[in-house]
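Structure data (mmCIF, C-alpha atoms) from query_37.cif:
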```cif
data_entry
loop_
_atom_site.label_atom_id
_atom_site.label_comp_id
_atom_site.auth_asym_id
_atom_site.auth_seq_id
_atom_site.Cartn_x
_atom_site.Cartn_y
_atom_site.Cartn_z
CA MET A 48 5.33 -2.81 2.48
CA ILE A 49 6.34 0.18 0.39
CA ILE A 50 6.46 3.77 1.70
CA PRO A 51 2.87 5.11 1.83
CA VAL A 52 2.15 7.84 -0.73
CA ARG A 53 0.73 10.20 1.89
CA CYS A 54 0.85 10.78 5.61
CA PHE A 55 -1.95 8.74 7.23
CA THR A 56 -3.08 11.64 9.39
CA CYS A 57 -2.74 14.89 7.44
CA GLY A 58 -2.40 13.71 3.83
CA LYS A 59 0.90 15.39 3.01
CA VAL A 60 2.75 13.60 0.19
CA VAL A 61 5.68 11.82 1.86
CA ALA A 62 6.61 9.07 -0.63
CA ASP A 63 8.71 11.34 -2.85
CA LYS A 64 11.01 12.23 0.06
CA TRP A 65 11.63 8.69 1.30
CA GLU A 66 14.66 7.85 -0.86
CA GLU A 67 16.46 11.06 0.06
CA PHE A 68 15.71 10.37 3.74
CA LYS A 69 16.99 6.79 3.48
CA LYS A 70 20.14 7.88 1.64
CA GLU A 71 21.07 10.55 4.17
CA VAL A 72 20.29 8.41 7.22
CA SER A 73 22.33 5.47 5.90
CA LYS A 74 25.26 7.89 5.55
CA GLY A 75 24.99 8.42 9.29
CA GLU A 76 23.13 11.74 9.33
CA ASN A 77 20.81 12.46 12.26
CA PRO A 78 17.23 11.55 11.15
CA ALA A 79 15.78 14.63 12.90
CA LYS A 80 18.02 16.93 10.89
CA VAL A 81 17.21 15.16 7.62
CA LEU A 82 13.48 15.50 8.28
CA ASP A 83 13.93 19.20 9.07
CA SER A 84 15.84 19.76 5.85
CA LEU A 85 13.14 17.91 3.88
CA GLY A 86 10.52 20.25 5.33
CA ILE A 87 8.68 17.56 7.32
CA LYS A 88 7.53 19.59 10.31
CA ARG A 89 4.53 17.85 11.86
CA TYR A 90 5.04 14.78 14.01
CA CYS A 91 2.35 12.87 12.10
CA CYS A 92 4.46 13.08 8.93
CA ARG A 93 7.75 12.50 10.76
CA ARG A 94 6.58 9.18 12.18
CA MET A 95 5.77 8.03 8.61
CA PHE A 96 9.52 8.08 7.94
CA LEU A 97 10.83 7.04 11.33
CA SER A 98 8.58 4.01 11.72
CA HIS A 99 8.65 2.78 8.12
CA VAL A 100 10.19 -0.59 7.22
CA GLU A 101 10.62 -1.17 3.49
CA LEU A 102 9.29 -4.75 3.48
CA ILE A 103 8.82 -4.81 -0.28
CA ASP A 104 12.57 -5.40 -0.59
CA GLU A 105 12.20 -8.62 1.41
CA SER A 106 9.22 -9.64 -0.68
CA LEU A 107 11.05 -9.03 -3.94
CA LYS A 108 13.87 -11.38 -2.94
CA PHE A 109 11.48 -14.33 -3.09
CA HIS A 110 10.25 -13.55 -6.55
CA VAL A 111 11.22 -15.88 -9.35
CA HIS A 112 13.11 -14.19 -12.14
CA GLY A 113 11.53 -15.06 -15.42
CA LYS A 114 9.85 -13.48 -18.33
CA GLU A 115 7.31 -16.12 -19.30
CA GLU A 116 3.81 -14.90 -18.67
CA GLY A 117 1.86 -16.58 -15.94
CA LYS A 118 4.89 -18.26 -14.43
CA ILE A 119 6.03 -15.45 -12.22
CA MET B 283 -11.24 43.65 6.01
CA ASP B 284 -7.55 43.95 5.39
CA VAL B 285 -5.33 41.18 4.02
CA GLU B 286 -1.61 40.74 4.33
CA VAL B 287 0.67 37.87 3.26
CA LEU B 288 2.72 36.69 6.23
CA GLY B 289 4.80 34.28 4.20
CA THR B 290 4.76 31.93 1.24
CA THR B 291 6.72 28.92 0.15
CA ASN B 292 6.05 26.59 -2.79
CA ASP B 293 3.37 24.66 -0.97
CA GLN B 294 2.39 26.92 1.92
CA LEU B 295 0.63 30.25 2.24
CA ARG B 296 0.17 32.24 5.45
CA LEU B 297 -2.47 34.90 5.11
CA LEU B 298 -3.30 37.47 7.77
CA VAL B 299 -6.83 38.81 7.58
CA ARG B 300 -7.72 41.72 9.87
CA GLU B 301 -11.16 42.73 11.06
CA ILE B 302 -13.03 39.59 10.10
CA GLU B 303 -15.48 37.24 11.79
CA PRO B 304 -13.72 34.00 12.81
CA THR B 305 -16.75 32.06 11.54
CA PHE B 306 -16.23 33.46 8.06
CA MET B 307 -12.58 32.42 8.06
CA SER B 308 -13.63 28.97 9.24
CA ALA B 309 -16.11 28.73 6.37
CA ILE B 310 -13.30 29.42 3.90
CA ARG B 311 -11.11 26.86 5.65
CA ARG B 312 -13.78 24.16 5.56
CA ILE B 313 -14.56 24.82 1.90
CA ILE B 314 -10.88 24.54 0.97
CA MET B 315 -10.68 21.20 2.77
CA ALA B 316 -13.93 19.64 1.60
CA GLU B 317 -15.50 21.41 -1.35
CA VAL B 318 -12.92 22.59 -3.85
CA PRO B 319 -12.99 20.10 -6.77
CA ILE B 320 -9.65 18.62 -7.86
CA PRO B 321 -8.88 15.58 -10.04
CA ALA B 322 -7.77 12.20 -8.70
CA ILE B 323 -7.59 8.70 -10.17
CA ASP B 324 -10.86 6.92 -9.38
CA LYS B 325 -11.01 3.83 -11.61
CA VAL B 326 -8.09 1.62 -12.54
CA TYR B 327 -8.29 -1.09 -15.19
CA ILE B 328 -5.33 -3.41 -14.63
CA ALA B 329 -4.35 -5.42 -17.70
CA GLU B 330 -1.25 -6.94 -16.16
CA ASN B 331 0.39 -6.84 -12.77
CA THR B 332 3.11 -9.36 -12.04
CA GLY B 333 4.75 -7.27 -9.32
CA VAL B 334 4.58 -8.05 -5.61
CA LEU B 335 1.94 -5.40 -4.79
CA TYR B 336 -1.67 -6.56 -5.07
CA ASP B 337 -3.90 -4.85 -7.65
CA GLU B 338 -5.87 -3.17 -4.87
CA MET B 339 -2.77 -1.69 -3.28
CA LEU B 340 -1.59 -0.46 -6.65
CA ALA B 341 -4.96 1.18 -7.35
CA HIS B 342 -5.01 2.79 -3.91
CA ARG B 343 -1.52 4.23 -4.35
CA LEU B 344 -2.47 5.59 -7.77
CA GLY B 345 -5.54 7.25 -6.28
CA LEU B 346 -3.45 9.16 -3.75
CA ILE B 347 -1.12 10.72 -6.33
CA PRO B 348 -1.95 14.45 -6.61
CA LEU B 349 -2.96 15.37 -10.16
CA LYS B 350 -2.85 18.69 -11.96
CA GLY B 351 -4.97 20.00 -14.84
CA GLY B 352 -8.52 18.98 -15.60
CA GLU B 353 -9.85 22.55 -15.63
CA THR B 354 -12.15 21.63 -18.51
CA LEU B 355 -13.63 18.59 -16.74
CA THR B 356 -17.04 18.73 -15.08
CA LEU B 357 -18.02 17.10 -11.82
CA PRO B 358 -19.67 13.73 -12.61
CA GLU B 359 -22.75 14.79 -10.60
CA LYS B 360 -23.27 17.69 -12.97
CA CYS B 361 -22.28 15.83 -16.14
CA SER B 362 -24.77 14.89 -18.86
CA CYS B 363 -23.61 11.23 -18.67
CA ASP B 364 -25.41 10.78 -15.34
CA LYS B 365 -22.31 9.75 -13.32
CA LYS B 366 -21.50 6.91 -15.74
CA GLY B 367 -18.23 8.52 -16.77
CA CYS B 368 -17.59 10.02 -20.20
CA ASN B 369 -14.84 12.11 -21.79
CA LEU B 370 -16.40 15.30 -20.41
CA CYS B 371 -15.95 14.25 -16.80
CA GLU B 372 -13.06 11.76 -16.98
CA SER B 373 -9.47 11.94 -18.11
CA VAL B 374 -7.33 8.92 -18.90
CA LEU B 375 -3.78 8.10 -17.81
CA THR B 376 -1.87 4.97 -18.76
CA LEU B 377 1.05 3.13 -17.22
CA GLU B 378 3.03 0.43 -18.98
CA VAL B 379 6.30 -0.71 -17.49
CA GLU B 380 8.42 -3.82 -17.74
CA ALA B 381 11.39 -3.77 -15.39
CA LYS B 382 14.80 -4.37 -16.96
CA GLU B 383 16.69 -4.56 -13.68
CA ASP B 384 16.00 -5.88 -10.21
CA ASN B 385 14.67 -3.45 -7.60
CA SER B 386 13.71 -0.82 -10.15
CA ILE B 387 11.23 1.76 -8.91
CA VAL B 388 8.30 2.88 -11.03
CA TYR B 389 7.68 6.58 -10.41
CA SER B 390 4.52 8.61 -10.93
CA GLY B 391 6.32 10.39 -13.78
CA ARG B 392 5.85 7.21 -15.84
CA LEU B 393 2.07 7.77 -15.89
CA LYS B 394 1.28 8.90 -19.41
CA ALA B 395 -1.47 11.48 -19.68
CA GLU B 396 -3.92 10.77 -22.49
CA GLY B 397 -6.12 13.71 -21.53
CA SER B 398 -5.69 17.03 -19.72
CA VAL B 399 -4.81 15.53 -16.33
CA PHE B 400 -1.22 14.72 -15.33
CA PRO B 401 0.67 13.98 -12.09
CA ALA B 402 1.60 17.06 -10.04
CA ASN B 403 4.65 15.29 -8.69
CA ASN B 404 6.84 13.01 -10.81
CA GLU B 405 8.92 11.54 -7.99
CA ILE B 406 6.33 9.44 -6.14
CA PRO B 407 7.27 5.73 -6.14
CA ILE B 408 4.27 3.64 -7.22
CA VAL B 409 5.77 0.15 -7.08
CA LYS B 410 9.11 -1.67 -7.01
CA LEU B 411 9.70 -4.37 -9.63
CA ASN B 412 12.25 -7.08 -10.26
CA SER B 413 13.51 -7.70 -13.79
CA GLY B 414 10.82 -9.19 -15.99
CA GLN B 415 7.93 -8.07 -13.82
CA LYS B 416 5.31 -6.02 -15.61
CA VAL B 417 2.60 -3.52 -14.82
CA ALA B 418 0.15 -2.38 -17.48
CA LEU B 419 -2.93 -0.40 -16.60
CA VAL B 420 -5.37 2.30 -17.64
CA ALA B 421 -6.48 4.79 -14.98
CA HIS B 422 -9.48 7.09 -15.18
CA ALA B 423 -9.22 10.33 -13.22
CA ARG B 424 -12.21 12.48 -12.36
CA LEU B 425 -12.99 15.57 -10.34
CA GLY B 426 -14.24 15.08 -6.82
CA LEU B 427 -14.66 16.78 -3.46
CA GLY B 428 -12.70 16.27 -0.25
CA LYS B 429 -15.86 15.31 1.63
CA GLU B 430 -16.20 12.24 -0.60
CA HIS B 431 -12.67 10.86 -0.19
CA ALA B 432 -9.42 12.26 1.23
CA LYS B 433 -7.70 11.83 -2.15
CA TRP B 434 -9.77 14.80 -3.38
CA GLN B 435 -8.74 16.96 -0.46
CA PRO B 436 -6.44 19.58 -1.99
CA VAL B 437 -4.68 20.49 1.26
CA SER B 438 -2.65 18.59 3.84
CA ALA B 439 -3.06 21.33 6.43
CA CYS B 440 -5.54 24.16 6.45
CA VAL B 441 -5.71 26.08 9.69
CA VAL B 442 -7.30 29.24 11.04
CA LYS B 443 -5.56 30.79 14.01
CA TYR B 444 -6.49 33.86 16.06
CA GLU B 445 -4.02 36.66 16.53
CA PRO B 446 -1.99 35.95 19.71
CA VAL B 447 -1.75 38.86 22.13
CA ILE B 448 1.11 38.80 24.66
CA SER B 449 1.05 41.52 27.29
CA ILE B 450 4.11 42.05 29.44
CA ASP B 451 3.89 44.02 32.66
CA SER B 452 7.30 45.72 32.75
CA LYS B 453 6.78 46.80 36.37
CA LYS B 454 6.49 43.19 37.56
CA CYS B 455 9.02 41.68 35.14
CA GLU B 456 12.45 41.14 36.71
CA LEU B 457 14.06 39.98 33.46
CA ARG B 458 14.95 36.56 34.84
CA ALA B 459 14.24 35.26 31.33
CA VAL B 460 12.75 31.95 32.51
CA CYS B 461 10.05 32.36 29.89
CA VAL B 462 12.66 33.00 27.17
CA GLU B 463 14.19 29.61 27.98
CA GLU B 464 10.92 27.74 28.34
CA CYS B 465 8.99 29.08 25.33
CA PRO B 466 8.75 26.07 22.94
CA LYS B 467 8.51 28.36 19.91
CA LYS B 468 11.38 30.61 21.06
CA ILE B 469 9.57 33.86 20.36
CA LEU B 470 10.61 35.78 23.49
CA ALA B 471 13.88 37.66 23.93
CA VAL B 472 15.42 40.16 26.28
CA LYS B 473 16.17 43.34 24.42
CA GLY B 474 17.97 45.95 26.51
CA LYS B 475 15.95 46.35 29.68
CA ASN B 476 12.75 44.95 28.24
CA LEU B 477 11.27 41.59 27.45
CA ALA B 478 10.22 41.59 23.80
CA VAL B 479 8.25 39.31 21.48
CA THR B 480 10.22 38.57 18.31
CA SER B 481 7.62 36.90 16.09
CA ILE B 482 4.14 37.05 17.52
CA TRP B 483 2.52 34.88 14.80
CA ASP B 484 4.64 31.89 15.78
CA CYS B 485 3.05 31.85 19.23
CA SER B 486 0.92 28.74 19.73
CA LEU B 487 -0.94 30.15 22.77
CA CYS B 488 0.46 27.34 24.94
CA LYS B 489 0.83 29.70 27.96
CA VAL B 490 4.00 28.00 29.23
CA CYS B 491 5.47 31.48 29.77
CA GLU B 492 2.52 32.36 32.04
CA GLU B 493 3.08 29.24 34.11
CA VAL B 494 6.82 29.63 34.60
CA CYS B 495 6.83 33.36 35.40
CA PRO B 496 7.25 33.72 39.18
CA ASN B 497 5.85 37.28 39.16
CA SER B 498 2.88 36.72 36.81
CA ALA B 499 4.28 39.48 34.62
CA ILE B 500 3.31 37.92 31.33
CA ARG B 501 -0.21 37.25 30.04
CA VAL B 502 -1.18 35.44 26.84
CA SER B 503 -4.55 35.97 25.20
CA TYR B 504 -5.91 36.28 21.67
CA ASN B 505 -7.81 38.67 19.48
CA ASP B 506 -10.40 36.82 17.43
CA ARG B 507 -11.06 39.82 15.17
CA ASN B 508 -7.80 39.12 13.36
CA SER B 509 -7.09 35.65 11.98
CA GLU B 510 -4.32 33.88 10.21
CA LEU B 511 -5.16 31.35 7.49
CA ILE B 512 -2.48 28.73 6.84
CA VAL B 513 -2.96 26.72 3.65
CA GLU B 514 -0.63 23.86 2.72
CA THR B 515 -1.39 22.38 -0.68
CA THR B 516 -0.69 18.82 -1.85
CA GLY B 517 0.12 20.09 -5.34
CA SER B 518 -3.09 19.92 -7.38
CA LEU B 519 -3.79 23.64 -7.13
CA SER B 520 -1.50 26.42 -5.95
CA THR B 521 -2.32 27.93 -2.57
CA GLU B 522 -3.51 31.18 -4.18
CA GLU B 523 -5.80 29.29 -6.58
CA LEU B 524 -7.19 27.35 -3.62
CA VAL B 525 -8.21 30.41 -1.63
CA LEU B 526 -9.79 31.99 -4.71
CA ALA B 527 -11.59 28.74 -5.60
CA ALA B 528 -12.97 28.52 -2.06
CA CYS B 529 -14.33 32.09 -2.30
CA GLU B 530 -15.95 31.14 -5.60
CA VAL B 531 -17.64 28.08 -4.05
CA LEU B 532 -18.90 30.17 -1.11
CA LEU B 533 -20.29 32.76 -3.53
CA HIS B 534 -22.17 30.05 -5.43
CA LYS B 535 -23.65 28.76 -2.18
CA CYS B 536 -24.89 32.24 -1.29
CA GLU B 537 -26.26 32.69 -4.79
CA ASP B 538 -28.16 29.38 -4.49
CA LEU B 539 -29.63 30.45 -1.16
CA LYS B 540 -30.65 33.83 -2.59
CA ASN B 541 -32.38 32.21 -5.55
CA SER B 542 -34.23 29.69 -3.39
CA ILE B 543 -35.52 32.49 -1.17
CA LYS B 544 -36.66 34.40 -4.23
CA ASP B 545 -38.54 31.34 -5.45
CA LEU B 546 -40.53 31.05 -2.20
CA PRO B 547 -44.25 31.71 -2.61
CA GLU B 548 -45.16 35.18 -1.31
CA ALA B 549 -46.40 35.10 2.29
CA SER B 550 -49.96 36.24 2.39
#
```

Take the structure in the file and write it out as structure tokens.
Amino acid sequence: MIIPVRCFTCGKVVADKWEEFKKEVSKGENPAKVLDSLGIKRYCCRRMFLSHVELIDESLKFHVHGKEEGKI
Amino acid sequence: MDVEVLGTTNDQLRLLVREIEPTFMSAIRRIIMAEVPIPAIDKVYIAENTGVLYDEMLAHRLGLIPLKGGETLTLPEKCSCDKKGCNLCESVLTLEVEAKEDNSIVYSGRLKAEGSVFPANNEIPIVKLNSGQKVALVAHARLGLGKEHAKWQPVSACVVKYEPVISIDSKKCELRAVCVEECPKKILAVKGKNLAVTSIWDCSLCKVCEEVCPNSAIRVSYNDRNSELIVETTGSLSTEELVLAACEVLLHKCEDLKNSIKDLPEAS
């Protein structure tokens, strides 16, 4: 759904680095190099980035825009 | 015992301890992982959540955010409130956001500390909201131990490693440098007419060099009298504070044992 706060295996905080990772990779940078520069060394943490799909963006598209309480 | 710092970064400490029992180092390691108290959000009262993440997911994400502070808090088990939760053992944080734009991200920095506990990292995304969606909640943080839940584990990696010992037989070595190529950590190099180890502490004792050497000129072993302790914090406590806190906990355990032995009835 949304990037997990921590690595499932070791517990390192990964969520704060996701946006930087996404930005660099969408520019065409090599994901391995971006992960190295972010200091993500272990393969348990690296897979958190490489295998993540930000599904919350898809979910948000289907949400009704409105401010009335209880109608959203 | 002799201690040397092999390297530090913001979140990592590499400590070399010479002439020490490996079991003692392991005790420190296990205490750092499981028994150093740090704060984490434990109860979340959600007043409003119109975002796409369920309340449970929101609460779980909040729990995993590393928190700083809370030095004055007591562990609920030792608190006079009998684990019910009072202002001596709990600290309150609040979050109230209404998104003005679509796809706006709510970061951990928006958590407002009402007590002594605050987020150690302000850049963690908690939830994404579309315009008009609201999240309003009150979170209670308390101290806890890593053995109860991983959110109270103050480290992401805490490792004890023996000192690697690489012995090179220069009579057998023909300097073909196969091992230099094959070493996954790249710690071997040919210097002049000798094969040399550039950074011994990076050796992972994988013994690939032993396997690829046609002359069996290289041998990898370890010395368990010297150990390296690698501590990687999640942000609640600094690495130095963690090691000191672990020593403190171990001291208390020994003190407890000593007192219980003293209280034993005299053997007749």

Rounded to one decimal, what separation in Å do you get between CA of Leu519 (chain B) and CA of Ser398 (chain B)?
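Straight-line distance from CA of Leu519 (chain B) to CA of Ser398 (chain B) works out to 14.3 Å.
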
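Each of A:Gly86, A:Val60, A:Phe55, A:Lys74 was compared to chain B using all atoms listed in the file, and A:Val60 turns out to be the nearest.
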
Closest atom pairs, chain A residues within 10 Å of region 421-433 of chain B, all atoms listed in the file, as a tab-separated table:
```
residue	atom	partner	partner_atom	distance
A:Arg53	CA	B:Lys433	CA	9.5
A:Cys57	CA	B:Ala432	CA	9.5
A:Gly58	CA	B:Ala432	CA	7.6
```

Ser520 (chain B) surroundings by only C-alpha atoms, 10 Å radius, close-in-sequence under 4 positions cut, as number ranges by chain:
B: 292-295, 350, 436-437, 513-516, 524-525

Select from chain A every residue with an atom at most 12 Å from any atom of chain B, then for each give the shortest pair of atoms and their distance in Å to one decimal, using only C-alpha atoms, rows by chain and rising number, as a tab-separated table.
```
residue	atom	partner	partner_atom	distance
A:Met48	CA	B:Leu335	CA	8.4
A:Ile49	CA	B:Val409	CA	7.5
A:Ile50	CA	B:Pro407	CA	8.1
A:Pro51	CA	B:Arg343	CA	7.6
A:Val52	CA	B:Arg343	CA	6.3
A:Arg53	CA	B:Leu346	CA	7.1
A:Cys54	CA	B:Ser438	CA	8.7
A:Phe55	CA	B:Ala432	CA	10.2
A:Thr56	CA	B:Ser438	CA	8.9
A:Cys57	CA	B:Ser438	CA	5.2
A:Gly58	CA	B:Ser438	CA	4.9
A:Lys59	CA	B:Ser438	CA	4.9
A:Val60	CA	B:Thr516	CA	6.6
A:Val61	CA	B:Ile406	CA	8.4
A:Ala62	CA	B:Ile406	CA	5.5
A:Asp63	CA	B:Ile406	CA	4.5
A:Lys64	CA	B:Ile406	CA	8.3
A:Trp65	CA	B:Pro407	CA	9.1
A:Glu66	CA	B:Pro407	CA	9.3
A:Glu67	CA	B:Glu405	CA	11.0
A:Gly86	CA	B:Asp293	CA	10.5
A:Ile87	CA	B:Ser438	CA	11.9
A:Lys88	CA	B:Ala439	CA	11.4
A:Arg89	CA	B:Ala439	CA	10.0
A:Cys91	CA	B:Ser438	CA	11.2
A:Cys92	CA	B:Ser438	CA	10.3
A:Glu101	CA	B:Lys410	CA	10.6
A:Leu102	CA	B:Val334	CA	10.8
A:Ile103	CA	B:Lys410	CA	7.4
A:Asp104	CA	B:Asn385	CA	7.6
A:Glu105	CA	B:Val334	CA	10.4
A:Ser106	CA	B:Val334	CA	7.0
A:Leu107	CA	B:Asn412	CA	6.7
A:Lys108	CA	B:Asn412	CA	8.6
A:Phe109	CA	B:Val334	CA	9.7
A:His110	CA	B:Asn412	CA	7.7
A:Val111	CA	B:Asn412	CA	8.9
A:His112	CA	B:Ser413	CA	6.7
A:Gly113	CA	B:Gly414	CA	5.9
A:Lys114	CA	B:Gly414	CA	5.0
A:Glu115	CA	B:Gly414	CA	8.4
A:Glu116	CA	B:Thr332	CA	8.7
A:Gly117	CA	B:Thr332	CA	8.3
A:Lys118	CA	B:Thr332	CA	9.4
A:Ile119	CA	B:Thr332	CA	6.8
```

Hey, what's within 9 Å of region 305-307 of chain B if we count all atoms listed in the file and toss same-chain stuff fewer than 6 positions away? As a list in words, please?
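Listing them by chain and then by number gives Val299, Val442, Ser509, Glu510 and Leu511 of chain B.
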
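Across the structure, CA of Leu340 (chain B) and CA of Ala322 (chain B) are spaced 14.2 Å apart.
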
Apply the PyMOL selection byres ((chain B and resi 480) around 9) to the file shown and report the selected residues as a PyMOL selection string.
chain B and resi 468-471+478-479+481-482

Separation of CA of Glu378 (chain B) from CA of Phe96 (chain A), in Å and rounded to one decimal:
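These atoms are spaced 28.7 Å apart.
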
Will you give me region 70-90 of chain A, written with N, CA, C and O atoms and laid out as a PDB file, in the first residue's frame?
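File out37.pdb, as written:
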```pdb
ATOM      1  N   LYS A  70      12.557   9.402  -6.684  1.00  0.00           N
ATOM      2  CA  LYS A  70      12.908  10.563  -7.503  1.00  0.00           C
ATOM      3  C   LYS A  70      14.123  10.247  -8.386  1.00  0.00           C
ATOM      4  O   LYS A  70      14.112  10.450  -9.597  1.00  0.00           O
ATOM      5  N   GLU A  71      15.148   9.703  -7.761  1.00  0.00           N
ATOM      6  CA  GLU A  71      16.386   9.418  -8.498  1.00  0.00           C
ATOM      7  C   GLU A  71      16.172   8.340  -9.563  1.00  0.00           C
ATOM      8  O   GLU A  71      16.678   8.446 -10.677  1.00  0.00           O
ATOM      9  N   VAL A  72      15.415   7.286  -9.199  1.00  0.00           N
ATOM     10  CA  VAL A  72      15.215   6.188 -10.132  1.00  0.00           C
ATOM     11  C   VAL A  72      14.377   6.645 -11.326  1.00  0.00           C
ATOM     12  O   VAL A  72      14.641   6.264 -12.469  1.00  0.00           O
ATOM     13  N   SER A  73      13.378   7.506 -11.058  1.00  0.00           N
ATOM     14  CA  SER A  73      12.547   7.974 -12.183  1.00  0.00           C
ATOM     15  C   SER A  73      13.345   8.870 -13.122  1.00  0.00           C
ATOM     16  O   SER A  73      12.997   9.025 -14.288  1.00  0.00           O
ATOM     17  N   LYS A  74      14.438   9.461 -12.608  1.00  0.00           N
ATOM     18  CA  LYS A  74      15.322  10.256 -13.473  1.00  0.00           C
ATOM     19  C   LYS A  74      16.176   9.361 -14.370  1.00  0.00           C
ATOM     20  O   LYS A  74      16.872   9.848 -15.248  1.00  0.00           O
ATOM     21  N   GLY A  75      16.176   8.072 -14.058  1.00  0.00           N
ATOM     22  CA  GLY A  75      16.945   7.139 -14.874  1.00  0.00           C
ATOM     23  C   GLY A  75      18.213   6.641 -14.214  1.00  0.00           C
ATOM     24  O   GLY A  75      19.015   5.937 -14.817  1.00  0.00           O
ATOM     25  N   GLU A  76      18.397   6.998 -12.949  1.00  0.00           N
ATOM     26  CA  GLU A  76      19.593   6.545 -12.206  1.00  0.00           C
ATOM     27  C   GLU A  76      19.489   5.041 -11.925  1.00  0.00           C
ATOM     28  O   GLU A  76      18.397   4.493 -11.814  1.00  0.00           O
ATOM     29  N   ASN A  77      20.622   4.399 -11.820  1.00  0.00           N
ATOM     30  CA  ASN A  77      20.674   2.966 -11.510  1.00  0.00           C
ATOM     31  C   ASN A  77      20.239   2.736 -10.042  1.00  0.00           C
ATOM     32  O   ASN A  77      20.856   3.304  -9.143  1.00  0.00           O
ATOM     33  N   PRO A  78      19.178   1.926  -9.827  1.00  0.00           N
ATOM     34  CA  PRO A  78      18.676   1.727  -8.457  1.00  0.00           C
ATOM     35  C   PRO A  78      19.763   1.282  -7.477  1.00  0.00           C
ATOM     36  O   PRO A  78      19.778   1.710  -6.316  1.00  0.00           O
ATOM     37  N   ALA A  79      20.684   0.427  -7.924  1.00  0.00           N
ATOM     38  CA  ALA A  79      21.737  -0.065  -7.027  1.00  0.00           C
ATOM     39  C   ALA A  79      22.580   1.091  -6.509  1.00  0.00           C
ATOM     40  O   ALA A  79      22.921   1.153  -5.328  1.00  0.00           O
ATOM     41  N   LYS A  80      22.895   2.024  -7.406  1.00  0.00           N
ATOM     42  CA  LYS A  80      23.721   3.166  -7.009  1.00  0.00           C
ATOM     43  C   LYS A  80      22.965   4.072  -6.043  1.00  0.00           C
ATOM     44  O   LYS A  80      23.541   4.589  -5.088  1.00  0.00           O
ATOM     45  N   VAL A  81      21.670   4.261  -6.305  1.00  0.00           N
ATOM     46  CA  VAL A  81      20.865   5.119  -5.423  1.00  0.00           C
ATOM     47  C   VAL A  81      20.823   4.517  -4.023  1.00  0.00           C
ATOM     48  O   VAL A  81      21.013   5.215  -3.023  1.00  0.00           O
ATOM     49  N   LEU A  82      20.605   3.191  -3.949  1.00  0.00           N
ATOM     50  CA  LEU A  82      20.547   2.528  -2.645  1.00  0.00           C
ATOM     51  C   LEU A  82      21.878   2.659  -1.927  1.00  0.00           C
ATOM     52  O   LEU A  82      21.922   2.898  -0.719  1.00  0.00           O
ATOM     53  N   ASP A  83      22.982   2.521  -2.656  1.00  0.00           N
ATOM     54  CA  ASP A  83      24.304   2.677  -2.043  1.00  0.00           C
ATOM     55  C   ASP A  83      24.455   4.084  -1.467  1.00  0.00           C
ATOM     56  O   ASP A  83      24.913   4.258  -0.343  1.00  0.00           O
ATOM     57  N   SER A  84      24.033   5.088  -2.257  1.00  0.00           N
ATOM     58  CA  SER A  84      24.220   6.460  -1.798  1.00  0.00           C
ATOM     59  C   SER A  84      23.301   6.782  -0.616  1.00  0.00           C
ATOM     60  O   SER A  84      23.593   7.661   0.194  1.00  0.00           O
ATOM     61  N   LEU A  85      22.171   6.056  -0.511  1.00  0.00           N
ATOM     62  CA  LEU A  85      21.274   6.277   0.629  1.00  0.00           C
ATOM     63  C   LEU A  85      21.742   5.522   1.875  1.00  0.00           C
ATOM     64  O   LEU A  85      21.161   5.650   2.945  1.00  0.00           O
ATOM     65  N   GLY A  86      22.777   4.713   1.717  1.00  0.00           N
ATOM     66  CA  GLY A  86      23.309   3.965   2.864  1.00  0.00           C
ATOM     67  C   GLY A  86      22.516   2.708   3.173  1.00  0.00           C
ATOM     68  O   GLY A  86      22.524   2.226   4.301  1.00  0.00           O
ATOM     69  N   ILE A  87      21.795   2.170   2.193  1.00  0.00           N
ATOM     70  CA  ILE A  87      21.052   0.919   2.388  1.00  0.00           C
ATOM     71  C   ILE A  87      21.973  -0.212   1.943  1.00  0.00           C
ATOM     72  O   ILE A  87      22.116  -0.476   0.761  1.00  0.00           O
ATOM     73  N   LYS A  88      22.593  -0.888   2.929  1.00  0.00           N
ATOM     74  CA  LYS A  88      23.624  -1.867   2.597  1.00  0.00           C
ATOM     75  C   LYS A  88      23.089  -3.291   2.527  1.00  0.00           C
ATOM     76  O   LYS A  88      23.442  -4.060   1.653  1.00  0.00           O
ATOM     77  N   ARG A  89      22.272  -3.660   3.512  1.00  0.00           N
ATOM     78  CA  ARG A  89      21.836  -5.061   3.600  1.00  0.00           C
ATOM     79  C   ARG A  89      20.783  -5.389   2.547  1.00  0.00           C
ATOM     80  O   ARG A  89      19.946  -4.555   2.212  1.00  0.00           O
ATOM     81  N   TYR A  90      20.781  -6.657   2.089  1.00  0.00           N
ATOM     82  CA  TYR A  90      19.818  -6.980   1.043  1.00  0.00           C
ATOM     83  C   TYR A  90      18.391  -7.051   1.563  1.00  0.00           C
ATOM     84  O   TYR A  90      17.448  -6.950   0.789  1.00  0.00           O
TER      85      TYR A  90
END
```
